[in-house]
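As provided, protein.cif (mmCIF, C-alpha atoms) reads as follows.
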data_coords
loop_
_atom_site.label_atom_id
_atom_site.label_comp_id
_atom_site.auth_asym_id
_atom_site.auth_seq_id
_atom_site.Cartn_x
_atom_site.Cartn_y
_atom_site.Cartn_z
CA MET A 147 -14.96 -18.88 -20.47
CA THR A 148 -16.53 -16.57 -17.91
CA ALA A 149 -15.88 -12.90 -17.21
CA PRO A 150 -13.84 -13.55 -14.00
CA LEU A 151 -11.61 -15.95 -15.92
CA LEU A 152 -11.07 -13.21 -18.49
CA TYR A 153 -9.99 -10.94 -15.63
CA ALA A 154 -7.49 -13.54 -14.44
CA LEU A 155 -6.05 -13.97 -17.94
CA ALA A 156 -5.83 -10.19 -18.35
CA GLY A 157 -3.96 -10.18 -15.04
CA ALA A 158 -1.46 -12.66 -16.48
CA LEU A 159 -1.03 -10.38 -19.51
CA LEU A 160 -0.48 -7.36 -17.25
CA CYS A 161 2.14 -9.36 -15.33
CA GLY A 162 4.05 -10.06 -18.52
CA LEU A 163 3.70 -6.46 -19.71
CA GLY A 164 5.00 -5.18 -16.37
CA LEU A 165 7.92 -7.63 -16.43
CA PHE A 166 8.84 -6.47 -19.93
CA GLY A 167 8.75 -2.85 -18.84
CA LEU A 168 10.77 -3.59 -15.73
CA LEU A 169 13.52 -5.23 -17.77
CA CYS A 170 13.55 -2.95 -20.81
CA LEU A 171 12.90 0.59 -19.58
CA SER A 172 15.88 2.40 -18.16
CA HIS A 173 14.31 5.37 -16.38
CA LEU A 174 13.80 4.48 -12.72
CA LEU A 175 10.32 5.99 -12.46
CA ARG A 176 9.21 3.99 -15.49
CA LYS A 177 10.66 0.88 -13.91
CA LEU A 178 8.63 1.63 -10.79
CA LEU A 179 5.44 2.12 -12.83
CA ALA A 180 6.08 -1.12 -14.69
CA PHE A 181 6.55 -2.88 -11.37
CA ASN A 182 3.19 -1.50 -10.22
CA VAL A 183 1.53 -2.74 -13.41
CA MET A 184 2.96 -6.16 -12.63
CA GLY A 185 1.56 -5.99 -9.10
CA SER A 186 -1.86 -5.00 -10.43
CA GLY A 187 -1.74 -8.08 -12.65
CA VAL A 188 -1.13 -10.25 -9.60
CA PHE A 189 -4.08 -8.65 -7.80
CA LEU A 190 -6.30 -9.21 -10.83
CA VAL A 191 -5.37 -12.88 -10.95
CA MET A 192 -5.97 -13.24 -7.20
CA VAL A 193 -9.44 -11.70 -7.39
CA GLY A 194 -10.53 -13.10 -10.73
CA LEU A 195 -9.54 -16.74 -10.42
CA PRO A 196 -11.50 -17.60 -7.21
CA GLN A 197 -14.55 -15.72 -8.54
CA HIS A 198 -14.58 -18.00 -11.56
CA GLN A 199 -14.85 -21.03 -9.32
CA GLY A 200 -17.44 -20.10 -6.74
CA GLY A 201 -18.61 -16.50 -6.72
CA PRO A 202 -16.91 -13.69 -4.82
CA ASP A 203 -14.46 -15.09 -2.28
CA PRO A 204 -13.72 -12.79 0.68
CA VAL A 205 -10.41 -14.45 1.59
CA PRO A 206 -8.39 -13.49 -1.53
CA GLN A 207 -10.18 -10.13 -1.55
CA ALA A 208 -8.93 -9.41 1.96
CA LEU A 209 -5.42 -10.52 0.96
CA VAL A 210 -5.52 -8.22 -2.09
CA LEU A 211 -6.68 -5.34 0.12
CA THR A 212 -3.65 -5.95 2.33
CA GLY A 213 -1.49 -6.17 -0.76
CA ILE A 214 -2.74 -2.86 -2.15
CA VAL A 215 -1.84 -0.98 1.01
CA VAL A 216 1.63 -2.55 1.10
CA ALA A 217 2.07 -1.74 -2.61
CA ILE A 218 1.22 1.93 -1.99
CA ALA A 219 3.70 2.15 0.87
CA ALA A 220 6.40 0.37 -1.14
CA THR A 221 5.81 2.67 -4.13
CA ALA A 222 6.05 5.76 -1.95
CA LEU A 223 9.25 4.47 -0.37
CA ALA A 224 10.65 3.74 -3.84
CA VAL A 225 9.85 7.28 -4.96
CA VAL A 226 11.65 8.66 -1.89
CA LEU A 227 14.67 6.47 -2.65
CA ILE A 228 14.69 7.41 -6.35
CA ARG A 229 14.53 11.09 -5.42
CA ARG A 230 17.40 10.73 -3.02
CA TYR A 231 19.41 8.81 -5.63
CA TYR A 232 18.73 11.55 -8.17
CA HIS A 233 19.88 14.24 -5.76
CA LEU A 234 23.05 12.37 -4.88
CA SER A 235 24.08 11.28 -8.37
CA GLY A 236 22.13 13.40 -10.85
CA LEU A 237 21.19 10.19 -12.67
CA THR A 238 17.76 8.85 -13.45
CA THR A 239 18.95 5.44 -14.53
CA LEU A 240 20.98 2.76 -12.80
CA ASP A 241 23.69 2.31 -15.44
CA ALA A 242 26.21 5.12 -15.03
CA GLU A 243 26.68 6.12 -18.64
CA PRO A 244 27.52 9.77 -19.15
CA THR A 245 24.84 10.02 -21.87
CA SER A 246 22.07 9.41 -19.35
CA ARG A 247 22.88 12.48 -17.32
CA GLU A 248 19.93 14.84 -17.23
CA GLY A 249 20.36 17.94 -15.14
CA GLY A 250 20.49 17.54 -11.41
CA GLN A 251 23.69 18.30 -9.54
CA GLU A 252 26.59 19.62 -11.53
CA MET B 292 21.79 -4.20 -33.23
CA ILE B 293 22.73 -5.77 -29.92
CA GLN B 294 20.13 -3.57 -28.26
CA ALA B 295 17.41 -4.79 -30.61
CA LEU B 296 18.44 -8.41 -30.07
CA ARG B 297 18.34 -7.91 -26.32
CA ILE B 298 14.90 -6.32 -26.39
CA SER B 299 13.45 -9.03 -28.61
CA ALA B 300 14.95 -11.73 -26.37
CA ILE B 301 13.36 -10.10 -23.33
CA ALA B 302 10.06 -9.78 -25.19
CA ILE B 303 10.10 -13.47 -26.11
CA ALA B 304 10.92 -14.41 -22.51
CA CYS B 305 8.04 -12.26 -21.25
CA LEU B 306 5.65 -13.79 -23.78
CA MET B 307 6.68 -17.25 -22.59
CA PHE B 308 6.12 -16.10 -19.01
CA VAL B 309 2.61 -14.91 -19.89
CA ALA B 310 1.89 -18.12 -21.74
CA GLY B 311 3.01 -20.23 -18.78
CA LEU B 312 1.00 -18.13 -16.36
CA ALA B 313 -2.11 -18.25 -18.54
CA ALA B 314 -1.75 -22.01 -18.96
CA SER B 315 -1.56 -22.53 -15.21
CA ILE B 316 -4.55 -20.23 -14.64
CA TRP B 317 -6.47 -22.21 -17.25
CA ALA B 318 -5.52 -25.48 -15.56
CA ILE B 319 -6.55 -24.22 -12.11
CA ALA B 320 -9.82 -22.82 -13.48
CA GLY B 321 -10.66 -26.22 -14.97
CA ASN B 322 -10.32 -28.13 -11.70
CA PRO B 323 -13.05 -27.93 -9.08
CA LEU B 324 -11.95 -26.78 -5.64
CA PRO B 325 -11.39 -29.52 -3.05
CA GLU B 326 -12.97 -27.37 -0.36
CA SER B 327 -14.93 -24.17 -0.57
CA LEU B 328 -13.37 -21.28 1.34
CA PRO B 329 -16.44 -18.97 1.15
CA GLN B 330 -18.59 -21.72 2.61
CA LEU B 331 -16.09 -22.39 5.40
CA LEU B 332 -16.05 -18.66 6.09
CA SER B 333 -19.84 -18.24 6.19
CA GLU B 334 -20.08 -21.15 8.63
CA ASN B 335 -17.67 -19.43 11.02
CA MET B 336 -18.90 -15.85 10.59
CA SER B 337 -20.81 -15.90 13.88
CA ARG B 338 -17.55 -16.39 15.79
CA SER B 339 -15.70 -13.48 14.16
CA GLY B 340 -17.44 -10.59 15.96
CA VAL B 341 -18.20 -8.63 12.76
CA GLU B 342 -20.74 -9.10 9.98
CA HIS B 343 -18.74 -8.29 6.86
CA PRO B 344 -16.76 -11.26 5.53
CA VAL B 345 -13.78 -9.23 4.24
CA THR B 346 -13.37 -7.48 7.60
CA ALA B 347 -13.73 -10.80 9.38
CA VAL B 348 -10.91 -12.26 7.27
CA LEU B 349 -8.70 -9.18 7.65
CA LEU B 350 -9.05 -8.64 11.37
CA ASN B 351 -9.84 -12.08 12.70
CA PHE B 352 -9.25 -15.16 10.59
CA ARG B 353 -6.14 -13.88 8.79
CA SER B 354 -5.12 -11.14 11.19
CA TYR B 355 -1.54 -12.40 11.00
CA ASP B 356 -1.31 -10.92 7.49
CA THR B 357 -2.67 -7.62 8.73
CA LEU B 358 -0.18 -7.58 11.58
CA LEU B 359 2.71 -8.15 9.18
CA GLU B 360 1.25 -5.55 6.82
CA ILE B 361 1.21 -2.79 9.40
CA GLY B 362 4.76 -3.88 10.32
CA VAL B 363 5.84 -3.38 6.72
CA LEU B 364 4.09 0.01 6.65
CA VAL B 365 5.88 1.18 9.78
CA ILE B 366 9.25 0.11 8.37
CA ALA B 367 8.49 1.89 5.07
CA GLY B 368 7.46 5.03 6.93
CA ILE B 369 10.58 5.08 9.09
CA ALA B 370 12.81 4.47 6.08
CA GLY B 371 11.04 7.24 4.17
CA ILE B 372 11.49 9.73 6.99
CA SER B 373 15.14 8.87 7.44
CA MET B 374 15.76 9.45 3.73
CA ALA B 375 14.40 12.98 3.86
CA LYS B 376 16.24 15.98 5.19
CA THR B 377 14.93 16.00 8.73
CA THR B 378 14.18 19.70 8.74
CA SER B 379 12.18 19.57 5.53
CA LEU B 380 9.44 17.32 6.87
CA GLU B 381 7.22 20.26 7.76
CA ASP B 382 8.78 23.48 6.57
CA PRO B 383 6.63 26.62 6.62
CA GLU B 384 8.30 27.76 3.39
CA LEU B 385 7.09 24.70 1.58
CA ARG B 386 3.44 25.36 2.24
CA THR B 387 1.52 26.80 -0.64
CA SER B 388 -0.86 29.52 0.38
CA ASP B 389 -3.53 29.39 -2.25
CA SER B 390 -6.59 31.25 -0.98
CA LEU B 391 -9.04 29.23 -3.07
CA LEU B 392 -7.60 25.96 -1.77
CA TYR B 393 -7.74 27.33 1.74
CA ALA B 394 -11.41 28.24 1.39
CA LEU B 395 -12.20 24.85 -0.07
CA GLN B 396 -10.43 23.18 2.79
CA ARG B 397 -12.62 24.71 5.42
CA TRP B 398 -15.46 22.74 3.88
CA PHE B 399 -13.60 19.61 2.93
CA VAL B 400 -11.43 18.80 5.91
CA PRO B 401 -14.24 18.32 8.46
CA LEU B 402 -16.25 16.41 5.87
CA MET B 403 -13.34 14.08 5.13
CA LEU B 404 -12.70 13.49 8.81
CA VAL B 405 -16.35 12.50 9.30
CA LEU B 406 -16.14 10.28 6.20
CA ALA B 407 -13.05 8.55 7.59
CA GLY B 408 -14.85 7.89 10.86
CA TYR B 409 -17.88 6.54 9.01
CA LEU B 410 -15.75 4.25 6.82
CA LEU B 411 -14.04 2.90 9.93
CA TRP B 412 -17.35 2.14 11.60
CA ALA B 413 -19.00 0.80 8.43
CA GLY B 414 -16.32 -1.87 8.12
CA ALA B 415 -18.24 -4.05 10.57
CA ASP B 416 -21.09 -4.88 8.23
CA ARG B 417 -20.36 -3.44 4.76
CA PRO B 418 -17.33 -2.54 2.64
CA GLY B 419 -15.09 -0.19 4.59
CA GLY B 420 -12.59 -0.53 7.39
CA ALA B 421 -9.22 0.56 8.62
CA PHE B 422 -7.46 0.81 5.24
CA GLN B 423 -10.09 2.85 3.48
CA ALA B 424 -10.49 5.11 6.49
CA GLY B 425 -6.71 5.45 6.80
CA ALA B 426 -6.44 6.37 3.12
CA VAL B 427 -9.10 9.08 3.48
CA LEU B 428 -7.42 10.38 6.62
CA ALA B 429 -4.05 10.51 4.83
CA ALA B 430 -5.68 12.34 1.91
CA THR B 431 -7.06 14.87 4.40
CA GLY B 432 -3.53 15.36 5.70
CA VAL B 433 -2.18 15.83 2.17
CA LEU B 434 -4.87 18.41 1.45
CA MET B 435 -4.11 20.24 4.69
CA ARG B 436 -0.43 20.30 3.87
CA LEU B 437 -0.96 21.57 0.35
CA GLY B 438 -3.31 24.25 1.59
CA GLY B 439 -0.93 25.58 4.17
CA ILE B 440 -2.53 24.52 7.44
CA PRO B 441 0.31 24.00 9.92
CA MET B 442 0.71 20.45 11.11
CA GLU B 443 3.10 20.44 14.02
CA PHE B 444 2.80 16.72 14.66
CA ILE B 445 4.44 15.82 11.36
CA ARG B 446 7.80 17.14 12.54
CA PRO B 447 10.20 14.36 13.39
CA GLY B 448 9.71 13.91 17.09
CA LEU B 449 7.92 12.00 19.75
CA LEU B 450 4.41 12.53 18.39
CA LEU B 451 5.26 11.33 14.90
CA ARG B 452 7.06 8.26 16.16
CA LEU B 453 4.22 7.47 18.53
CA GLY B 454 1.65 7.80 15.74
CA LEU B 455 3.69 5.60 13.41
CA ALA B 456 4.19 2.83 15.92
CA LEU B 457 0.82 2.95 17.72
CA GLY B 458 -1.12 0.61 15.42
CA PHE B 459 1.58 -2.03 15.29
CA THR B 460 2.20 -1.88 19.05
CA VAL B 461 -1.45 -2.23 20.06
CA PHE B 462 -1.97 -5.04 17.56
CA LEU B 463 1.12 -6.88 18.80
CA LEU B 464 0.10 -6.39 22.44
CA VAL B 465 -3.33 -7.89 21.80
CA ALA B 466 -1.73 -10.81 19.97
CA LEU B 467 0.77 -11.40 22.78
CA ALA B 468 -1.89 -11.05 25.49
CA SER B 469 -3.96 -13.84 23.97
CA ALA B 470 -0.82 -15.96 23.57
CA ILE B 471 0.18 -15.40 27.23
CA GLY B 472 -3.40 -16.10 28.28
CA GLY B 473 -2.98 -19.66 27.01
CA ASP B 474 -4.72 -19.29 23.66
CA ALA B 475 -3.12 -19.24 20.22
CA PHE B 476 -1.15 -16.19 19.02
CA LEU B 477 -3.67 -13.61 17.75
CA ALA B 478 -6.75 -15.60 18.87
CA TYR B 479 -9.23 -13.16 20.39
CA PRO B 480 -11.55 -14.37 23.14
CA PRO B 481 -14.93 -14.67 21.35
CA ALA B 482 -16.77 -12.52 23.88
CA MET B 483 -14.40 -9.58 23.36
CA ALA B 484 -13.81 -10.01 19.63
CA LYS B 485 -15.94 -7.05 18.55
CA THR B 486 -14.38 -4.63 21.05
CA LEU B 487 -10.85 -5.74 20.23
CA ILE B 488 -11.46 -5.47 16.50
CA VAL B 489 -12.84 -1.94 16.84
CA VAL B 490 -9.88 -0.84 19.00
CA ILE B 491 -7.35 -2.40 16.62
CA GLU B 492 -9.07 -0.91 13.58
CA SER B 493 -9.06 2.56 15.12
CA VAL B 494 -5.35 2.56 15.93
CA LEU B 495 -4.59 0.94 12.56
CA THR B 496 -6.46 3.76 10.81
CA LEU B 497 -4.40 6.34 12.65
CA SER B 498 -1.11 4.58 11.94
CA ILE B 499 -1.85 3.92 8.27
CA ALA B 500 -2.77 7.57 7.79
CA MET B 501 0.41 8.69 9.57
CA VAL B 502 2.63 6.39 7.52
CA LEU B 503 1.12 7.47 4.20
CA LEU B 504 1.24 11.12 5.18
CA ALA B 505 4.84 10.85 6.40
CA LEU B 506 5.83 9.19 3.13
CA PHE B 507 4.09 11.93 1.15
CA VAL B 508 5.64 14.70 3.18
CA SER B 509 9.13 13.23 3.07
CA ALA B 510 9.08 12.58 -0.68
CA PRO B 511 8.59 15.70 -2.80
CA VAL B 512 8.32 19.45 -2.63
CA ASN B 513 11.83 20.84 -2.15
CA ASP B 514 13.58 22.10 -5.25
CA ALA B 515 15.76 19.96 -7.44
CA GLU B 516 18.34 22.77 -7.29
CA ASP B 517 18.38 22.70 -3.51
CA PRO B 518 22.09 23.14 -2.77
CA GLU B 519 21.97 21.40 0.58
CA GLU B 520 20.74 18.06 -0.48
CA GLY B 521 23.46 15.79 -1.83
CA GLY B 522 25.86 18.69 -2.11
CA SER B 523 28.17 17.48 0.62
CA SER B 524 28.80 14.02 -0.79
#

Go through the file and emit its structure as structure tokens.
Amino acid sequence: MTAPLLYALAGALLCGLGLFGLLCLSHLLRKLLAFNVMGSGVFLVMVGLPQHQGGPDPVPQALVLTGIVVAIAATALAVVLIRRYYHLSGLTTLDAEPTSREGGQE
Amino acid sequence: MIQALRISAIAIACLMFVAGLAASIWAIAGNPLPESLPQLLSENMSRSGVEHPVTAVLLNFRSYDTLLEIGVLVIAGIAGISMAKTTSLEDPELRTSDSLLYALQRWFVPLMLVLAGYLLWAGADRPGGAFQAGAVLAATGVLMRLGGIPMEFIRPGLLLRLGLALGFTVFLLVALASAIGGDAFLAYPPAMAKTLIVVIESVLTLSIAMVLLALFVSAPVNDAEDPEEGGSS
């Protein structure tokens, strides 16, 4: 049991935590945050697991660097979409129950 | 009652997911690697044109990923801009005019621009490179926008589109040129590798910064009570 392996296992835990949040939370921003937690878990696994086997490995690190930039762009795009959705519908959740209305357009 | 059942079912499913993932990580960690990637990389470093292994992987050995990445960024940026009200991308009314922020900016903006240039150049032999430099450049843009410095180029128009597409276009042209020249797609000629990598990194920095800035500018700021947006639907 080395420290990098601990990182990889923590990444697996983060993945599960993010998945739970993605499925259970109803607010769209929270869903997005949960999705990001899940992505961070994947990054942690990708960096931690090769380090356990043979020291720092530049190949997965480069892939994770690529992944981080794509994740930022995807998150920003998701925020733009959520904002637009909120402006058009006044809802912050996907299921159109009248109880979930919170302000927005009348 | 049903809600509680549903949540506990999801929780159990997620726990099983974590357990499966952890088990597979444990199994992979127990097996020795058939072939060592870091060793393979260090043997080929002299052919890459740069000295830092991560940059060598990003811009040479796995440049296909980077090409696709900047493609994804450009698509995200275009989608983000098209979601926003086109006039709101750079609206003088939306600038805050905080005098303290403005004074701070006069010190910070040149410093951040120099830092971005340094990060770009440092990528050759130490941690740094196009993404870090692009992030700093985008942060400079965000600061400039918040502090009320006019940025004409962020208006939807030729300049913005050019800046968004520049990195991807140059990268793709280099890739196609080597393919037409009889080599593999994205294989740089070894003599020119350093020059090509520096050119690609520079345009990538610019494009990444533009995409992130465009996404930031198109996302927030205007009021939730804005009658124009969504009012017509």

*List as a PyMOL selection string: which residues have an atom within 10 Å of (1.4, -13.7, -22.3), counting all atoms listed in the file?*
(chain A and resi 155-163) or (chain B and resi 302-314)

Mind writing the picked residues with C-alpha atoms as a short mmCIF file (atom, residue, chain, number, x, y, z; two decimals), in the frame of the given file?
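Here's the written file result02.cif:
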data_model
loop_
_atom_site.label_atom_id
_atom_site.label_comp_id
_atom_site.auth_asym_id
_atom_site.auth_seq_id
_atom_site.Cartn_x
_atom_site.Cartn_y
_atom_site.Cartn_z
CA LEU A 155 -6.05 -13.97 -17.94
CA ALA A 156 -5.83 -10.19 -18.35
CA GLY A 157 -3.96 -10.18 -15.04
CA ALA A 158 -1.46 -12.66 -16.48
CA LEU A 159 -1.03 -10.38 -19.51
CA LEU A 160 -0.48 -7.36 -17.25
CA CYS A 161 2.14 -9.36 -15.33
CA GLY A 162 4.05 -10.06 -18.52
CA LEU A 163 3.70 -6.46 -19.71
CA ALA B 302 10.06 -9.78 -25.19
CA ILE B 303 10.10 -13.47 -26.11
CA ALA B 304 10.92 -14.41 -22.51
CA CYS B 305 8.04 -12.26 -21.25
CA LEU B 306 5.65 -13.79 -23.78
CA MET B 307 6.68 -17.25 -22.59
CA PHE B 308 6.12 -16.10 -19.01
CA VAL B 309 2.61 -14.91 -19.89
CA ALA B 310 1.89 -18.12 -21.74
CA GLY B 311 3.01 -20.23 -18.78
CA LEU B 312 1.00 -18.13 -16.36
CA ALA B 313 -2.11 -18.25 -18.54
CA ALA B 314 -1.75 -22.01 -18.96
#

*Expand the PyMOL selection byres ((chain A) within 7 of (chain B)) into the individual residues it matches in the shown file, reporting them as a ChimeraX atom specification.*
/A:155,158-159,162,165-166,170,195,199,203-205,207-208,212,216,219-220,222-223,225-226,233-234,250

Taking the file as shown, find all residues satisfying the PyMOL selection byres ((chain B and resi 472-477) around 10) and write them as an mmCIF file with C-alpha atoms, in the coordinates of the input.
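Output saved as expr_35.cif:
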data_model
loop_
_atom_site.group_PDB
_atom_site.id
_atom_site.type_symbol
_atom_site.label_atom_id
_atom_site.label_comp_id
_atom_site.auth_asym_id
_atom_site.auth_seq_id
_atom_site.Cartn_x
_atom_site.Cartn_y
_atom_site.Cartn_z
ATOM 1 C CA LEU B 350 -9.050 -8.640 11.370
ATOM 2 C CA ASN B 351 -9.840 -12.080 12.700
ATOM 3 C CA PHE B 352 -9.250 -15.160 10.590
ATOM 4 C CA ARG B 353 -6.140 -13.880 8.790
ATOM 5 C CA SER B 354 -5.120 -11.140 11.190
ATOM 6 C CA TYR B 355 -1.540 -12.400 11.000
ATOM 7 C CA LEU B 358 -0.180 -7.580 11.580
ATOM 8 C CA PHE B 462 -1.970 -5.040 17.560
ATOM 9 C CA LEU B 463 1.120 -6.880 18.800
ATOM 10 C CA LEU B 464 0.100 -6.390 22.440
ATOM 11 C CA VAL B 465 -3.330 -7.890 21.800
ATOM 12 C CA ALA B 466 -1.730 -10.810 19.970
ATOM 13 C CA LEU B 467 0.770 -11.400 22.780
ATOM 14 C CA ALA B 468 -1.890 -11.050 25.490
ATOM 15 C CA SER B 469 -3.960 -13.840 23.970
ATOM 16 C CA ALA B 470 -0.820 -15.960 23.570
ATOM 17 C CA ILE B 471 0.180 -15.400 27.230
ATOM 18 C CA ALA B 478 -6.750 -15.600 18.870
ATOM 19 C CA TYR B 479 -9.230 -13.160 20.390
ATOM 20 C CA PRO B 480 -11.550 -14.370 23.140
#

*Separation of CA of Ala413 (chain B) and CA of Met336 (chain B), in Å?*
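Answer for the CA of Ala413 (chain B) to CA of Met336 (chain B) separation: 16.8 Å.
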
*Neighbour list for region 488-497 of chain B as a list in words, cut-off 7 Å, all atoms listed in the file, skip fewer than 3 positions in-chain*: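 Close residues of region 488-497 of chain B: Leu350, Ala421, Phe422, Ala424, Gly425, Gly454, Leu457, Gly458, Val461, Phe462, Ala484, Lys485, Ala500 and Met501 of chain B.
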
Could you rebuild region 175-188 of chain A with N, CA and C atoms and give it back as a short mmCIF file (atom, residue, chain, number, x, y, z; two decimals), keeping the file's coordinate frame?
data_model
loop_
_atom_site.label_atom_id
_atom_site.label_comp_id
_atom_site.auth_asym_id
_atom_site.auth_seq_id
_atom_site.Cartn_x
_atom_site.Cartn_y
_atom_site.Cartn_z
N LEU A 175 11.75 5.80 -12.72
CA LEU A 175 10.32 5.99 -12.46
C LEU A 175 9.49 5.07 -13.34
N ARG A 176 9.94 4.90 -14.59
CA ARG A 176 9.21 3.99 -15.49
C ARG A 176 9.31 2.56 -14.99
N LYS A 177 10.50 2.21 -14.49
CA LYS A 177 10.66 0.88 -13.91
C LYS A 177 9.67 0.68 -12.76
N LEU A 178 9.54 1.70 -11.93
CA LEU A 178 8.63 1.63 -10.79
C LEU A 178 7.19 1.46 -11.26
N LEU A 179 6.81 2.23 -12.29
CA LEU A 179 5.44 2.12 -12.83
C LEU A 179 5.21 0.73 -13.40
N ALA A 180 6.22 0.22 -14.12
CA ALA A 180 6.08 -1.12 -14.69
C ALA A 180 5.91 -2.15 -13.59
N PHE A 181 6.65 -1.95 -12.49
CA PHE A 181 6.55 -2.88 -11.37
C PHE A 181 5.14 -2.84 -10.78
N ASN A 182 4.55 -1.64 -10.74
CA ASN A 182 3.19 -1.50 -10.22
C ASN A 182 2.18 -2.16 -11.14
N VAL A 183 2.42 -2.05 -12.47
CA VAL A 183 1.53 -2.74 -13.41
C VAL A 183 1.57 -4.24 -13.17
N MET A 184 2.79 -4.74 -12.93
CA MET A 184 2.96 -6.16 -12.63
C MET A 184 2.18 -6.55 -11.38
N GLY A 185 2.28 -5.71 -10.34
CA GLY A 185 1.56 -5.99 -9.10
C GLY A 185 0.06 -5.99 -9.31
N SER A 186 -0.43 -5.04 -10.13
CA SER A 186 -1.86 -5.00 -10.43
C SER A 186 -2.30 -6.28 -11.12
N GLY A 187 -1.44 -6.80 -11.99
CA GLY A 187 -1.74 -8.08 -12.65
C GLY A 187 -1.92 -9.19 -11.64
N VAL A 188 -1.03 -9.22 -10.64
CA VAL A 188 -1.13 -10.25 -9.60
C VAL A 188 -2.45 -10.12 -8.84
#
